[in-house]
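Here's target-v1.txt, which has compact mmCIF, C-alpha atoms:
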```txt
# COMPACT_ATOMS: atom_id res chain seq x y z
CA MET Y 414 0.00 0.00 0.00
CA ASN Y 415 1.25 3.49 -0.87
CA THR Y 416 1.23 5.69 2.22
CA THR Y 417 2.25 9.21 3.15
CA ARG Y 418 4.98 9.88 5.72
CA SER Y 419 2.14 10.23 8.23
CA GLY Y 420 1.19 6.61 7.57
CA ARG Y 421 -2.15 7.42 5.88
CA PRO Y 422 -2.97 5.97 2.44
CA ALA Y 423 -1.62 8.38 -0.16
CA LEU Y 424 -4.14 10.47 -2.10
CA THR Y 425 -3.46 11.92 -5.55
CA ARG Y 426 -5.49 13.55 -8.28
CA PRO Y 427 -7.27 11.00 -10.52
CA ASP Y 428 -4.45 11.31 -13.08
CA GLY Y 429 -1.85 10.42 -10.42
CA THR Y 430 -0.38 13.91 -10.03
CA PRO Y 431 -0.17 15.62 -6.61
CA LEU Y 432 -3.27 17.29 -5.25
CA ARG Y 433 -3.10 21.09 -5.29
CA VAL Y 434 -4.11 22.99 -2.16
CA LEU Y 435 -4.11 26.73 -1.51
CA VAL Y 436 -3.81 27.87 2.13
CA VAL Y 437 -5.16 31.39 2.79
CA ASP Y 438 -4.48 32.90 6.23
CA ASP Y 439 -3.04 36.24 7.31
CA ASP Y 440 -1.10 34.59 10.16
CA PRO Y 441 2.18 33.55 8.49
CA ASP Y 442 3.12 31.15 11.27
CA LEU Y 443 -0.21 29.33 11.08
CA ALA Y 444 -0.06 29.25 7.29
CA GLU Y 445 3.42 27.72 7.44
CA VAL Y 446 2.40 25.06 9.95
CA LEU Y 447 -0.66 24.13 7.88
CA SER Y 448 1.38 24.06 4.69
CA GLY Y 449 3.93 21.76 6.27
CA ALA Y 450 1.25 19.31 7.40
CA LEU Y 451 -0.30 19.24 3.94
CA ARG Y 452 3.04 18.86 2.17
CA TYR Y 453 3.55 15.84 4.44
CA GLU Y 454 0.64 14.32 2.51
CA GLY Y 455 2.62 14.69 -0.69
CA TRP Y 456 0.47 17.55 -1.99
CA GLN Y 457 1.45 20.70 -3.90
CA ILE Y 458 0.86 23.71 -1.63
CA ARG Y 459 0.67 27.48 -2.17
CA THR Y 460 -0.05 30.10 0.47
CA ALA Y 461 -1.60 33.57 0.45
CA GLY Y 462 -2.02 36.13 3.22
CA ASP Y 463 -4.94 38.18 1.89
CA GLY Y 464 -7.87 37.95 -0.48
CA ALA Y 465 -6.27 39.61 -3.49
CA SER Y 466 -3.16 37.40 -3.44
CA ALA Y 467 -5.38 34.36 -2.84
CA VAL Y 468 -7.28 34.96 -6.08
CA THR Y 469 -4.02 35.56 -7.97
CA ALA Y 470 -2.51 32.35 -6.57
CA ALA Y 471 -5.68 30.43 -7.44
CA ARG Y 472 -5.47 31.54 -11.07
CA GLU Y 473 -1.90 30.24 -11.23
CA LEU Y 474 -2.34 27.03 -9.22
CA LEU Y 475 -5.92 26.05 -10.14
CA PRO Y 476 -6.25 24.33 -6.74
CA ASP Y 477 -8.34 21.27 -6.01
CA ALA Y 478 -9.00 22.61 -2.50
CA VAL Y 479 -8.60 25.84 -0.54
CA VAL Y 480 -8.14 26.19 3.22
CA LEU Y 481 -9.63 29.66 3.70
CA ASP Y 482 -9.60 31.91 6.76
CA VAL Y 483 -12.82 33.87 7.16
CA MET Y 484 -11.11 37.01 8.54
CA LEU Y 485 -8.58 38.53 6.12
CA PRO Y 486 -6.98 41.99 6.17
CA ASP Y 487 -8.48 43.23 2.89
CA THR Y 488 -11.81 41.37 2.72
CA ASP Y 489 -13.62 38.37 4.20
CA GLY Y 490 -13.39 34.75 3.18
CA PHE Y 491 -16.93 34.72 1.80
CA ALA Y 492 -16.02 37.33 -0.84
CA VAL Y 493 -12.84 35.39 -1.65
CA LEU Y 494 -14.91 32.22 -2.04
CA ARG Y 495 -17.12 33.86 -4.66
CA ALA Y 496 -14.03 34.97 -6.58
CA LEU Y 497 -12.47 31.49 -6.30
CA HIS Y 498 -15.57 29.88 -7.77
CA GLY Y 499 -15.15 32.23 -10.72
CA VAL Y 500 -11.63 30.87 -11.20
CA LYS Y 501 -12.48 27.17 -10.64
CA SER Y 502 -16.12 26.35 -10.01
CA ASP Y 503 -15.54 22.88 -8.53
CA VAL Y 504 -12.86 23.84 -5.99
CA CYS Y 505 -13.41 22.39 -2.49
CA VAL Y 506 -13.33 24.98 0.30
CA LEU Y 507 -12.62 24.38 3.99
CA PHE Y 508 -13.25 27.51 6.07
CA LEU Y 509 -11.09 28.36 9.09
CA THR Y 510 -12.37 30.82 11.65
CA ALA Y 511 -11.89 31.88 15.24
CA ARG Y 512 -15.65 32.33 15.52
CA ASP Y 513 -18.01 29.43 16.14
CA ALA Y 514 -21.39 31.18 16.00
CA VAL Y 515 -24.05 29.18 14.22
CA GLU Y 516 -24.80 32.06 11.84
CA ASP Y 517 -21.17 32.09 10.67
CA ARG Y 518 -21.30 28.37 9.92
CA ILE Y 519 -24.56 28.78 8.03
CA LYS Y 520 -23.19 31.76 6.08
CA GLY Y 521 -20.08 29.80 5.11
CA ILE Y 522 -21.97 26.77 3.87
CA THR Y 523 -24.62 28.91 2.15
CA ALA Y 524 -21.88 30.83 0.35
CA GLY Y 525 -20.68 27.55 -1.15
CA GLY Y 526 -18.12 26.34 1.39
CA ASP Y 527 -17.86 22.58 1.84
CA ASP Y 528 -16.82 22.36 5.49
CA TYR Y 529 -15.91 24.47 8.50
CA VAL Y 530 -13.21 24.16 11.20
CA THR Y 531 -13.12 26.47 14.21
CA LYS Y 532 -9.84 27.75 15.66
CA PRO Y 533 -8.09 26.41 17.62
CA PHE Y 534 -8.01 23.14 15.68
CA SER Y 535 -5.75 20.15 15.34
CA LEU Y 536 -3.71 19.67 12.18
CA GLU Y 537 -4.98 16.09 12.04
CA GLU Y 538 -8.54 17.37 11.87
CA VAL Y 539 -7.79 19.75 9.00
CA VAL Y 540 -6.00 17.03 7.03
CA ALA Y 541 -8.80 14.52 7.66
CA ARG Y 542 -11.50 17.00 6.63
CA LEU Y 543 -9.62 17.88 3.43
CA ARG Y 544 -9.06 14.24 2.52
CA GLY Y 545 -12.76 13.57 3.00
CA LEU Y 546 -13.82 16.59 0.94
CA LEU Y 547 -11.51 15.75 -1.95
CA ARG Y 548 -12.57 12.14 -2.08
CA ARG Y 549 -16.28 12.90 -1.92
CA ALA Y 550 -15.89 15.46 -4.72
CA GLY Y 551 -14.14 12.90 -6.91
CA MET Y 552 -10.96 14.99 -7.06
CA ALA Y 553 -8.74 12.43 -5.34
CA ARG Y 554 -8.04 8.75 -5.44
CA GLN Y 555 -6.06 6.46 -3.18
CA LEU Y 556 -2.93 5.13 -4.85
CA ASP Y 557 -3.67 1.54 -3.86
CA GLU Y 558 -7.23 1.62 -5.20
CA GLY Y 559 -8.02 -0.73 -8.01
CA PRO Y 560 -10.25 0.42 -10.85
CA ARG Y 561 -13.16 -1.97 -10.17
CA LEU Y 562 -14.97 -3.40 -7.14
CA THR Y 563 -17.48 -6.25 -7.44
CA VAL Y 564 -19.89 -7.63 -4.85
CA GLY Y 565 -22.43 -10.01 -6.37
CA ASP Y 566 -24.07 -8.22 -9.31
CA LEU Y 567 -23.04 -4.82 -7.92
CA VAL Y 568 -20.05 -3.35 -9.78
CA MET Y 569 -18.19 -0.08 -9.12
CA ASP Y 570 -15.71 1.37 -11.62
CA GLU Y 571 -13.67 3.68 -9.40
CA GLU Y 572 -11.89 5.50 -12.22
CA ALA Y 573 -15.05 6.20 -14.23
CA ARG Y 574 -17.02 6.67 -10.97
CA GLU Y 575 -19.81 4.49 -12.33
CA VAL Y 576 -21.90 1.96 -10.44
CA THR Y 577 -24.10 -0.73 -11.97
CA ARG Y 578 -26.25 -3.46 -10.53
CA GLY Y 579 -27.25 -6.26 -12.86
CA GLY Y 580 -25.84 -4.13 -15.68
CA GLU Y 581 -28.15 -1.20 -14.87
CA LEU Y 582 -26.44 2.15 -14.23
CA ILE Y 583 -27.05 3.69 -10.78
CA GLU Y 584 -26.61 7.46 -10.41
CA LEU Y 585 -25.00 8.41 -7.08
CA SER Y 586 -24.01 11.68 -5.44
CA PRO Y 587 -20.32 12.03 -4.40
CA THR Y 588 -21.12 11.18 -0.77
CA GLU Y 589 -23.32 8.22 -1.73
CA PHE Y 590 -20.48 6.97 -3.93
CA GLU Y 591 -17.95 7.13 -1.08
CA LEU Y 592 -20.33 5.40 1.31
CA LEU Y 593 -21.00 2.59 -1.15
CA ARG Y 594 -17.28 2.31 -1.90
CA PHE Y 595 -16.58 1.78 1.81
CA LEU Y 596 -19.28 -0.88 2.04
CA MET Y 597 -18.02 -2.62 -1.11
CA ARG Y 598 -14.45 -2.63 0.17
CA ASN Y 599 -15.70 -4.45 3.26
CA PRO Y 600 -18.29 -6.97 1.98
CA ARG Y 601 -19.96 -9.18 4.61
CA ARG Y 602 -18.32 -7.09 7.34
CA VAL Y 603 -20.52 -5.23 9.81
CA LEU Y 604 -19.48 -1.57 9.86
CA SER Y 605 -20.50 0.63 12.78
CA LYS Y 606 -21.85 4.15 12.36
CA ALA Y 607 -18.68 5.46 13.99
CA GLN Y 608 -16.49 3.63 11.45
CA ILE Y 609 -18.58 4.94 8.58
CA LEU Y 610 -18.48 8.52 9.85
CA ASP Y 611 -14.71 8.35 10.30
CA ARG Y 612 -14.07 6.87 6.86
CA VAL Y 613 -16.65 8.65 4.71
CA TRP Y 614 -17.10 11.96 6.51
CA SER Y 615 -13.78 12.05 8.42
CA TYR Y 616 -15.62 13.22 11.54
CA ASP Y 617 -15.22 12.02 15.09
CA PHE Y 618 -18.32 10.12 16.17
CA GLY Y 619 -20.62 12.20 18.30
CA GLY Y 620 -24.29 12.78 17.70
CA ARG Y 621 -24.13 12.44 13.92
CA ALA Y 622 -25.59 8.94 13.61
CA HIS Y 623 -28.59 10.42 11.76
CA VAL Y 624 -26.28 11.41 8.87
CA VAL Y 625 -25.26 7.78 8.33
CA GLU Y 626 -28.87 6.59 8.65
CA LEU Y 627 -29.99 9.17 6.11
CA TYR Y 628 -27.37 8.25 3.50
CA ILE Y 629 -27.90 4.53 4.02
CA SER Y 630 -31.58 5.13 3.23
CA TYR Y 631 -30.58 7.05 0.08
CA LEU Y 632 -28.36 4.16 -1.03
CA ARG Y 633 -31.05 1.58 -0.40
CA ARG Y 634 -33.48 3.47 -2.63
CA LYS Y 635 -30.95 3.37 -5.45
CA VAL Y 636 -29.07 0.09 -4.98
CA ASP Y 637 -31.86 -2.14 -3.60
CA ALA Y 638 -34.95 -0.57 -5.18
CA GLY Y 639 -37.05 -3.31 -6.79
CA ARG Y 640 -34.33 -5.88 -6.16
CA GLU Y 641 -33.31 -8.38 -3.51
CA PRO Y 642 -31.67 -6.21 -0.81
CA MET Y 643 -27.90 -6.16 -0.40
CA ILE Y 644 -27.61 -3.49 2.32
CA HIS Y 645 -28.66 -4.85 5.71
CA THR Y 646 -29.01 -3.32 9.17
CA VAL Y 647 -27.51 -5.27 12.06
CA ARG Y 648 -29.45 -3.94 15.03
CA GLY Y 649 -27.18 -2.31 17.60
CA ALA Y 650 -24.06 -2.92 15.50
CA GLY Y 651 -24.22 -1.15 12.14
CA TYR Y 652 -24.61 -2.04 8.48
CA VAL Y 653 -23.35 -4.75 6.16
CA LEU Y 654 -23.29 -5.22 2.39
CA LYS Y 655 -23.81 -8.83 1.27
CA PRO Y 656 -24.26 -10.34 -2.19
CA VAL Y 657 -27.61 -11.93 -2.83
CA THR Y 658 -27.43 -15.69 -2.50
CA SER Y 659 -29.35 -17.70 -5.07
```
Write the structure described by the file as structure tokens, please.
Amino acid sequence: MNTTRSGRPALTRPDGTPLRVLVVDDDPDLAEVLSGALRYEGWQIRTAGDGASAVTAARELLPDAVVLDVMLPDTDGFAVLRALHGVKSDVCVLFLTARDAVEDRIKGITAGGDDYVTKPFSLEEVVARLRGLLRRAGMARQLDEGPRLTVGDLVMDEEAREVTRGGELIELSPTEFELLRFLMRNPRRVLSKAQILDRVWSYDFGGRAHVVELYISYLRRKVDAGREPMIHTVRGAGYVLKPVTS
């Protein structure tokens, strides 16, 4: 298995080149620490200390993801986000802020941000959140991933990001795709909600069980609809994907 120096499975862009991440923070020490942690993942990193230089750097780098401080000396992160989407519409954005008010979180997500981390934070958390965002958006792949997973008549082409069951194409959202990928990589194994949250959402388990339940229900409607079910609930333990036995 290909791993980073941190021991995590290495992530690259789908074409095998390093992921590109732009770090935007007016605190040079914090920006340097964050950049170092992300370079440890084998990624290509640029930094910017204000909104104007962030947009300039984005035009040059065309980043896959941006770690963006909300409070900047010349503008706020929400304005920068709008400009970034004009440069690269599918860029993933992880907001950093010293504020944790609910309205700030709502404003960030409404503006088009993908996730939100409140200062002070751990570097591990930022890296985990970014890895999760990039994978769910289809911008990253794990170097040891094979191109095709098969469980019974359910087939996933990881490179094409296509899923079929019995030869019929199933349309999935990025998060549904990652959830099904995790289930298919662990067939016949009961996976707890905590394991699923950690792997698919990169969150610590804590009051978010409803998110897993919701997305499992979405998957069932698409994967099992009108067919013998493959996704099963193990009461009090979690979920398991099993091929249909004839």
Env of Asp439 in chain Y: 7 Å cut, atoms = only C-alpha atoms, seq-sep filter 6 positions within chain, self excluded. Answer as an NGL selection string.
:Y and (462-463 or 485)
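Between CA of Leu497 in chain Y and CA of Val468 in chain Y lies a distance of 6.2 Å.
Using only C-alpha atoms, the contacts of Arg578 in chain Y at a cut-off of 6 Å, with sequence neighbours closer than 3 positions omitted, comprise Asp566, Leu567 and Glu581 of chain Y.
Of the listed residues Y:Gly429, Y:Val540, Y:Gly545, Y:Lys606, the one whose atoms come nearest to Gly449 in chain Y is Y:Val540, with distances taken using all atoms listed in the file.
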So the first atom is CA of Thr510 in chain Y and the second is CA of Ala470 in chain Y; what is the distance between them in Å, to one decimal place?
20.8 Å
